[in-house]
>>> print(open('data_24.cif').read())   # mmCIF, C-alpha atoms and all ligand atoms
data_my_file
loop_
_atom_site.label_atom_id
_atom_site.label_comp_id
_atom_site.auth_asym_id
_atom_site.auth_seq_id
_atom_site.Cartn_x
_atom_site.Cartn_y
_atom_site.Cartn_z
CA MET A 121 57.16 71.46 66.13
CA GLN A 122 55.86 69.53 63.15
CA GLY A 123 58.41 69.28 60.34
CA LEU A 124 61.03 71.24 62.29
CA THR A 125 62.04 69.84 65.67
CA GLU A 126 62.23 66.25 64.57
CA VAL A 127 65.05 63.95 65.69
CA LEU A 128 67.52 65.23 63.09
CA PHE A 129 67.14 68.75 64.51
CA ARG A 130 67.11 67.65 68.15
CA LYS A 131 70.37 65.73 67.72
CA ALA A 132 72.15 68.53 65.88
CA PHE A 133 70.88 71.00 68.49
CA ASN A 134 72.01 68.89 71.42
CA ARG A 135 75.45 68.45 69.86
CA SER A 136 75.95 72.22 69.62
CA PHE A 137 74.08 73.24 72.77
CA PRO A 138 74.17 70.28 75.16
CA GLY A 139 71.75 70.60 78.06
CA ALA A 140 70.30 73.89 76.79
CA PHE A 141 66.83 72.35 76.67
CA ASP A 142 65.72 70.24 79.64
CA TYR A 143 63.59 68.22 77.27
CA ALA A 144 61.67 68.47 74.03
CA ILE A 145 58.07 67.65 73.25
CA SER A 146 58.12 65.64 70.03
CA PRO A 147 56.24 66.86 66.98
CA PHE A 148 52.79 65.29 67.39
CA LEU A 149 52.18 61.65 66.55
CA SER A 150 48.73 61.24 65.14
CA ILE A 151 46.74 58.68 67.14
CA THR A 152 45.04 57.57 63.96
CA HIS A 153 48.35 56.00 63.01
CA GLY A 154 47.44 53.42 65.63
CA ASN A 155 49.83 50.57 66.14
CA LEU A 156 53.45 51.69 66.16
CA ARG A 157 54.53 48.82 63.93
CA ASP A 158 52.36 50.11 61.09
CA ALA A 159 52.94 53.75 61.77
CA GLY A 160 54.90 55.90 59.38
CA LYS A 161 57.81 58.22 59.58
CA LYS A 162 56.43 60.39 62.36
CA VAL A 163 56.54 57.54 64.88
CA GLU A 164 60.08 56.63 63.88
CA ASP A 165 60.94 60.07 65.20
CA VAL A 166 60.66 58.89 68.80
CA LEU A 167 62.12 55.41 68.51
CA PRO A 168 64.84 55.30 71.21
CA GLU A 169 67.55 53.99 68.88
CA ALA A 170 66.95 56.93 66.53
CA ASN A 171 67.14 59.34 69.47
CA TYR A 172 70.53 58.30 70.76
CA GLY A 173 72.49 61.56 71.29
CA SER A 174 69.34 63.66 71.24
CA MET A 175 67.89 65.61 74.16
CA PRO A 176 65.31 63.91 76.41
CA VAL A 177 61.97 63.79 74.63
CA VAL A 178 58.33 63.48 75.63
CA PRO A 179 56.25 62.02 72.78
CA GLN A 180 53.15 64.01 71.96
CA LEU A 181 49.88 62.46 70.79
CA LEU A 182 47.27 64.21 68.68
CA GLY A 183 43.73 62.92 68.28
CA HIS A 184 40.62 61.90 70.15
CA GLU A 185 40.32 58.20 69.45
CA ALA A 186 40.47 56.84 73.01
CA ASN A 187 41.43 53.25 72.11
CA GLY A 188 44.21 54.38 69.79
CA PHE A 189 45.40 56.80 72.47
CA VAL A 190 45.75 54.00 75.03
CA GLU A 191 47.41 51.66 72.54
CA LEU A 192 49.96 54.21 71.39
CA ALA A 193 50.67 55.57 74.90
CA ASN A 194 51.30 52.07 76.26
CA ARG A 195 53.48 51.12 73.33
CA LEU A 196 55.54 54.26 73.96
CA PHE A 197 55.81 53.26 77.63
CA ASP A 198 57.13 49.87 76.54
CA LEU A 199 59.73 51.73 74.50
CA GLY A 200 60.86 53.51 77.67
CA TYR A 201 58.77 56.70 77.71
CA THR A 202 57.38 57.45 81.16
CA GLU A 203 55.34 60.46 80.02
CA VAL A 204 53.22 61.29 77.00
CA ASN A 205 51.73 64.67 76.16
CA TRP A 206 48.24 65.17 74.69
CA ASN A 207 48.04 67.95 72.12
CA MET A 208 44.95 70.13 72.57
CA GLY A 209 46.64 73.09 70.95
CA CYS A 210 47.13 72.36 67.26
CA PRO A 211 45.28 75.09 65.35
CA MET A 212 45.38 73.65 61.81
CA ARG A 213 41.89 73.83 60.38
CA ARG A 214 41.87 70.30 58.94
CA VAL A 215 42.92 68.95 62.37
CA ALA A 216 40.59 71.15 64.43
CA ALA A 217 37.58 70.41 62.20
CA LYS A 218 37.74 66.79 63.42
CA HIS A 219 37.76 67.85 67.10
CA ARG A 220 41.49 67.20 67.32
CA GLY A 221 44.13 69.58 68.70
CA SER A 222 42.56 72.88 69.75
CA GLY A 223 39.41 71.81 67.88
CA ILE A 224 38.38 69.72 70.90
CA LEU A 225 38.36 72.68 73.32
CA PRO A 226 34.77 73.79 72.54
CA PHE A 227 33.64 70.25 73.51
CA PRO A 228 34.42 69.73 77.21
CA ASP A 229 32.26 66.58 77.39
CA GLU A 230 34.50 64.96 74.79
CA VAL A 231 37.61 65.96 76.72
CA ARG A 232 36.16 64.43 79.88
CA SER A 233 35.10 61.20 78.24
CA ILE A 234 38.53 60.75 76.60
CA LEU A 235 40.33 61.38 79.89
CA ASP A 236 37.87 59.12 81.73
CA PHE A 237 38.78 56.31 79.36
CA VAL A 238 42.46 56.99 78.90
CA ALA A 239 43.71 58.04 82.36
CA PRO A 240 43.14 54.71 84.15
CA ARG A 241 44.39 52.66 81.20
CA ILE A 242 47.71 54.22 80.20
CA LYS A 243 51.01 53.27 81.82
CA PRO A 244 52.96 56.52 81.26
CA SER A 245 52.02 59.68 83.09
CA LEU A 246 50.04 62.19 81.08
CA SER A 247 50.64 65.88 80.48
CA VAL A 248 48.59 68.12 78.21
CA LYS A 249 49.13 71.16 76.05
CA VAL A 250 46.21 73.53 75.58
CA ARG A 251 45.32 76.82 74.00
CA LEU A 252 42.67 79.08 75.57
CA GLY A 253 40.09 77.76 73.17
CA TYR A 254 39.43 77.27 69.49
CA ARG A 255 36.96 80.08 68.79
CA SER A 256 36.91 81.94 72.10
CA ASP A 257 39.31 82.32 75.01
CA ASN A 258 36.52 81.43 77.44
CA GLU A 259 36.40 77.81 76.28
CA ILE A 260 39.28 77.06 78.65
CA ASP A 261 37.03 77.92 81.61
CA CYS A 262 35.07 74.68 81.10
CA ILE A 263 38.21 72.65 80.38
CA ILE A 264 40.19 73.52 83.52
CA PRO A 265 37.81 71.85 86.04
CA ILE A 266 38.02 68.69 83.92
CA LEU A 267 41.82 68.76 83.82
CA ASN A 268 41.78 69.26 87.60
CA ASP A 269 39.90 66.00 88.03
CA PHE A 270 42.72 63.93 86.51
CA PRO A 271 46.29 63.19 87.62
CA LEU A 272 48.23 65.17 85.02
CA SER A 273 51.97 65.75 85.33
CA SER A 274 51.71 69.23 83.79
CA VAL A 275 49.52 71.55 81.77
CA THR A 276 51.26 73.65 79.14
CA VAL A 277 49.24 76.72 78.23
CA HIS A 278 49.75 78.61 74.99
CA PRO A 279 47.44 81.56 75.61
CA ARG A 280 46.12 82.07 72.10
CA ILE A 281 43.00 80.61 70.54
CA GLY A 282 43.11 78.14 67.66
CA LYS A 283 41.49 80.55 65.20
CA GLN A 284 44.40 82.95 65.70
CA LEU A 285 46.90 80.36 64.50
CA TYR A 286 50.16 82.13 65.44
CA SER A 287 49.06 85.72 64.86
CA GLY A 288 48.36 88.45 67.39
CA SER A 289 49.80 88.29 70.88
CA PRO A 290 49.39 85.72 73.63
CA ASN A 291 46.53 86.81 75.91
CA LEU A 292 48.44 87.30 79.15
CA GLU A 293 45.45 88.80 80.97
CA LYS A 294 43.47 85.62 80.42
CA PHE A 295 46.49 83.53 81.36
CA GLU A 296 46.73 85.49 84.60
CA GLU A 297 43.05 84.88 85.28
CA ILE A 298 43.17 81.10 84.77
CA LEU A 299 46.56 80.41 86.33
CA PRO A 300 45.29 80.13 89.93
CA CYS A 301 42.44 77.87 88.76
CA ILE A 302 44.77 75.16 87.42
CA LYS A 303 45.81 72.78 90.16
CA HIS A 304 48.54 71.12 88.09
CA HIS A 305 52.11 72.20 87.38
CA VAL A 306 51.73 74.89 84.69
CA VAL A 307 54.16 75.47 81.84
CA TYR A 308 53.90 78.74 79.90
CA ASN A 309 54.36 78.82 76.12
CA GLY A 310 54.18 81.60 73.54
CA ASP A 311 56.38 84.26 71.96
CA ILE A 312 59.50 83.74 74.08
CA ASN A 313 61.98 85.05 71.53
CA THR A 314 64.51 86.82 73.76
CA VAL A 315 65.95 86.54 77.25
CA TYR A 316 63.91 89.63 78.05
CA ASP A 317 60.66 87.85 77.03
CA TYR A 318 61.58 85.01 79.36
CA LYS A 319 62.33 87.33 82.27
CA ARG A 320 59.12 89.30 81.68
CA ILE A 321 57.00 86.16 81.94
CA ARG A 322 58.89 84.84 84.96
CA SER A 323 58.54 88.12 86.82
CA ARG A 324 54.86 88.57 85.98
CA PHE A 325 54.03 84.94 86.85
CA PRO A 326 56.48 83.88 89.57
CA SER A 327 54.59 80.64 90.20
CA VAL A 328 55.36 79.52 86.64
CA LYS A 329 58.74 77.82 86.80
CA ASP A 330 58.83 76.16 83.40
CA ILE A 331 58.71 77.79 80.02
CA MET A 332 58.36 76.07 76.66
CA ILE A 333 60.19 77.72 73.80
CA GLY A 334 59.07 77.17 70.22
CA ARG A 335 60.01 79.37 67.29
CA GLY A 336 62.39 81.48 69.40
CA ALA A 337 64.95 78.65 69.39
CA LEU A 338 64.83 78.56 65.61
CA TYR A 339 65.18 82.31 65.20
CA ASN A 340 68.08 82.25 67.66
CA PRO A 341 69.42 78.76 68.49
CA LEU A 342 71.51 80.25 71.30
CA LEU A 343 68.39 81.43 73.12
CA PRO A 344 67.86 78.44 75.47
CA SER A 345 71.52 78.55 76.62
CA GLN A 346 71.38 82.34 76.95
CA ILE A 347 68.29 82.03 79.14
CA LYS A 348 69.93 79.42 81.35
CA GLU A 349 73.12 81.42 81.62
CA GLU A 350 71.43 84.75 82.34
CA CYS A 351 69.05 83.26 84.83
CA ALA A 352 71.40 80.74 86.47
CA SER A 353 70.03 81.71 89.87
CA ASP A 354 66.58 80.43 88.80
CA PHE A 355 67.94 76.95 88.28
CA PRO A 356 69.01 74.41 90.87
CA SER A 357 72.42 73.83 89.27
CA PRO A 358 74.86 76.76 89.45
CA ASN A 359 76.50 75.54 86.26
CA ALA A 360 74.42 76.80 83.39
CA PRO A 361 75.07 74.74 80.25
CA ARG A 362 77.38 76.52 77.88
CA PRO A 363 76.96 76.30 74.13
CA VAL A 364 79.85 74.49 72.50
CA ALA A 365 79.14 76.06 69.11
CA SER A 366 78.05 79.33 67.58
CA ALA A 367 74.69 79.65 65.84
CA ALA A 368 76.56 79.57 62.54
CA ALA A 369 78.40 76.36 63.42
CA PHE A 370 75.10 74.81 64.47
CA ILE A 371 73.48 75.73 61.15
CA SER A 372 76.43 74.24 59.25
CA SER A 373 76.25 71.02 61.20
CA LEU A 374 72.46 70.76 60.73
CA MET A 375 72.89 71.31 56.99
CA ASP A 376 75.54 68.58 56.84
CA ASP A 377 73.09 66.23 58.57
CA ILE A 378 70.35 67.10 56.07
CA ARG A 379 72.78 66.49 53.23
CA ALA A 380 73.48 63.01 54.62
CA LEU A 381 69.78 62.01 54.78
CA GLU A 382 68.58 59.23 52.53
CA ILE A 383 65.99 61.33 50.75
CA SER A 384 65.84 62.87 47.29
CA ASP A 385 67.93 65.95 46.52
CA GLU A 386 64.68 67.84 45.99
CA ALA A 387 63.49 66.95 49.51
CA LYS A 388 66.91 67.93 50.94
CA CYS A 389 66.68 71.34 49.19
CA ARG A 390 63.18 71.87 50.58
CA LYS A 391 64.28 70.98 54.09
CA MET A 392 67.37 73.20 53.99
CA LYS A 393 65.28 76.13 52.78
CA GLU A 394 62.62 75.58 55.48
CA TYR A 395 65.23 75.70 58.24
CA TRP A 396 67.11 78.53 56.57
CA CYS A 397 63.99 80.77 56.53
CA LEU A 398 63.90 80.61 60.34
CA LEU A 399 67.53 80.13 61.32
CA SER A 400 68.89 82.94 59.15
CA LYS A 401 66.78 85.61 60.89
CA GLU A 402 69.41 86.51 63.46
CA LEU A 403 72.49 85.86 61.32
CA PRO A 404 74.47 88.84 60.11
CA GLY A 405 74.21 89.46 56.36
CA THR A 406 71.92 91.24 53.99
CA GLU A 407 68.36 90.09 53.29
CA LEU A 408 69.30 89.98 49.62
CA ASN A 409 72.08 87.47 50.26
CA LYS A 410 69.87 85.39 52.53
CA ARG A 411 67.17 85.27 49.86
CA LYS A 412 69.66 83.87 47.32
CA VAL A 413 69.28 80.54 49.11
CA LEU A 414 65.54 80.54 48.49
CA HIS A 415 66.01 81.26 44.80
CA ALA A 416 68.64 78.57 44.26
CA SER A 417 67.45 75.21 43.00
CA ARG A 418 70.50 72.90 43.02
CA LEU A 419 71.38 71.10 46.22
CA ASP A 420 75.10 71.96 45.92
CA ASP A 421 74.33 75.64 45.40
CA ILE A 422 71.94 75.80 48.34
CA HIS A 423 74.29 73.90 50.62
CA ASN A 424 77.33 76.01 49.67
CA LEU A 425 75.44 79.29 49.93
CA ILE A 426 74.23 78.39 53.41
CA LEU A 427 77.64 77.20 54.56
CA ASP A 428 79.26 80.39 53.21
CA MET A 429 76.74 82.66 54.92
CA ALA A 430 76.75 80.67 58.14
CA LYS A 431 80.57 80.99 58.47
C1 LIG A 501 55.39 74.89 62.05
C2 LIG A 501 54.91 74.67 63.45
C3 LIG A 501 54.66 73.38 63.88
C4 LIG A 501 54.21 73.15 65.19
N1 LIG A 501 53.99 71.85 65.61
C5 LIG A 501 53.62 71.63 66.90
C6 LIG A 501 53.43 70.30 67.40
O1 LIG A 501 53.58 69.29 66.70
N2 LIG A 501 53.07 70.15 68.71
C7 LIG A 501 52.90 71.24 69.54
O2 LIG A 501 52.59 71.07 70.72
N3 LIG A 501 53.05 72.49 69.08
C8 LIG A 501 53.40 72.71 67.80
N4 LIG A 501 53.55 73.98 67.36
C9 LIG A 501 53.29 75.11 68.29
C10 LIG A 501 54.50 75.49 69.12
O3 LIG A 501 54.90 74.40 69.93
C11 LIG A 501 54.16 76.65 70.04
O4 LIG A 501 53.06 76.30 70.85
C12 LIG A 501 53.80 77.92 69.30
O5 LIG A 501 54.66 78.13 68.19
C13 LIG A 501 53.87 79.13 70.23
O6 LIG A 501 55.10 79.18 70.91
P1 LIG A 501 56.36 80.04 70.35
O7 LIG A 501 55.88 81.45 70.21
O8 LIG A 501 57.41 79.85 71.39
O9 LIG A 501 56.71 79.48 69.01
C14 LIG A 501 53.98 74.24 66.06
C15 LIG A 501 54.24 75.55 65.61
C16 LIG A 501 54.69 75.77 64.32
C17 LIG A 501 54.93 77.19 63.88
#
>>> encode(input="data_24.cif", output="structure tokens")
Amino acid sequence: MQGLTEVLFRKAFNRSFPGAFDYAISPFLSITHGNLRDAGKKVEDVLPEANYGSMPVVPQLLGHEANGFVELANRLFDLGYTEVNWNMGCPMRRVAAKHRGSGILPFPDEVRSILDFVAPRIKPSLSVKVRLGYRSDNEIDCIIPILNDFPLSSVTVHPRIGKQLYSGSPNLEKFEEILPCIKHHVVYNGDINTVYDYKRIRSRFPSVKDIMIGRGALYNPLLPSQIKEECASDFPSPNAPRPVASAAAFISSLMDDIRALEISDEAKCRKMKEYWCLLSKELPGTELNKRKVLHASRLDDIHNLILDMAK
């Protein structure tokens, strides 16, 4: 997730909850950044040396420039990545307006011509992430036959449309309708915030074995381990990974990592507050106390308040 599940977070998470996630999809790398050597901070996020101690990661590409796609995918392969994921789900208006992310879903011919060009030229395997459409949930109906024509390693479906952003509920009826039409391995994504949510999706869609968790792991960092523990029988290994830290200890260790970053104090404050907004949801304590962090402006104050409340 852009700005949230970058390498700093992935490493801190893996330290506290080793093995809880099988792998992470990186926040998207914009194809327009082109050559990795010239690319900015976002590409640094997946450099293997920066990811030492992190969970396994699949880099995600966003954009529709076929040449740039091939160049970036092959460079990532040379760095050791055997899979890249194409983002056809991003709902941000400025992205979608350029036929990127979910903005490409109303244009099946463009999807086909990009895959026609890219699929035979890239060295890593390709997976995709889609929404049901940008404006309408029927747009996916024209996309699925195209996806079926290409050798994809998986299709992750977030059953909302781009225009919804993150509001409303995932459209599970439409997901149910399209599921048998997709010939690839399907991963479900959307609103898995509790173990119950996970079980509900698994029991309604038994053919779906893999679930992608987004915001739920930020509201409750223990969620992925809880799911694995509760549902150990669903997994090949009888030993579900056990968290080695509490949510509070994880938050403290993430905040220490932010504190150690080589960025301005202002940027550190911003980052701490961004994470705090999500991570504090499930922590005990009053809303008033939690909000104190958002009103504080000095790095030391913010850091100490968070550490105190996360104890
Ligand atoms: C702030 C934010 C940034 C996101 N960035 C990405 C991204 O870079 N790539 C991606 O595939 N999805 C991204 N997403 C979408 C999530 O991966 C996920 O599809 C969505 O939040 C629904 O799943 P959830 O209910 O489990 O969070 C982002 C979501 C949010 C809220």
>>> atom_distance(input="data_24.cif", atom1="atom CA of Lys303 of chain A", atom2="atom CA of Leu267 of chain A")
8.5 Å
>>> residues_near_point(input="data_24.cif", point="(40.9, 77.1, 73.7)", cutoff="9 Å", atoms="only C-alpha atoms", output="number ranges by chain")
A: 208-209, 222-226, 250-261, 263, 279-282
>>> atom_distance(input="data_24.cif", atom1="atom O4 of ligand LIG 501 (chain A)", atom2="atom CA of Asp269 of chain A")
24.0 Å
>>> residues_around(input="data_24.cif", residues="Ile145 of chain A", least_positions_apart="2", cutoff="7 Å", atoms="all atoms listed in the file", output="list of chain:residue names")
A:Tyr143, A:Pro147, A:Val177, A:Val178, A:Pro179, A:Gln180
>>> atom_distance(input="data_24.cif", atom1="atom CA of Glu349 of chain A", atom2="atom CA of Ala368 of chain A")
19.5 Å
>>> residues_near_point(input="data_24.cif", point="(59.5, 82.7, 81.0)", cutoff="10 Å", atoms="all atoms listed in the file", output="list in words")
Val307, Tyr308, Asn309, Gly310, Asp311, Ile312, Thr314, Val315, Tyr316, Asp317, Tyr318, Lys319, Arg320, Ile321, Arg322, Ser323, Arg324, Phe325, Pro326, Val328, Lys329, Asp330, Ile331, Met332, Ile333 and Ile347 of chain A
>>> axis_aligned_box(input="data_24.cif", around="ligand LIG 501 (chain A)", padding_each_side="5 Å", output="lines of an AutoDock Vina configuration file")
center_x = 55.0
center_y = 75.4
center_z = 66.7
size_x = 14.8
size_y = 22.2
size_z = 19.3
>>> residues_around(input="data_24.cif", residues="Asn313 of chain A", least_positions_apart="4", cutoff="9 Å", atoms="all atoms listed in the file", output="JSON, numbers by chain")
{"A": [317, 318, 333, 334, 335, 336, 337, 339, 340, 343]}
>>> write_last_selection(input="data_24.cif", atoms="C-alpha atoms", output="compact mmCIF listing (two decimals), in the frame of the given file")
# COMPACT_ATOMS: atom_id res chain seq x y z
CA ASP A 317 60.66 87.85 77.03
CA TYR A 318 61.58 85.01 79.36
CA ILE A 333 60.19 77.72 73.80
CA GLY A 334 59.07 77.17 70.22
CA ARG A 335 60.01 79.37 67.29
CA GLY A 336 62.39 81.48 69.40
CA ALA A 337 64.95 78.65 69.39
CA TYR A 339 65.18 82.31 65.20
CA ASN A 340 68.08 82.25 67.66
CA LEU A 343 68.39 81.43 73.12
>>> closest_residue(input="data_24.cif", among="A:Glu169, A:Gly183, A:Ala352, A:Leu124", to="Trp396 of chain A", atoms="all atoms listed in the file")
A:Leu124
>>> residues_around(input="data_24.cif", residues="segment 369-382 of chain A", least_positions_apart="6", cutoff="12 Å", atoms="only C-alpha atoms", output="number ranges by chain")
A: 124-138, 337-342, 363, 388-403, 419-420, 422-431
>>> closest_residue(input="data_24.cif", among="A:Ser287, A:Asn409, A:Ser345, A:Ser417", to="ligand LIG 501 (chain A)", atoms="all atoms listed in the file")
A:Ser287
>>> closest_residue(input="data_24.cif", among="A:Thr152, A:Cys262, A:Gln346, A:Met121", to="Gly139 of chain A", atoms="all atoms listed in the file")
A:Gln346
>>> closest_residue(input="data_24.cif", among="A:Asp229, A:Asp421, A:Glu386, A:Asp165", to="ligand LIG 501 (chain A)", atoms="all atoms listed in the file")
A:Asp165
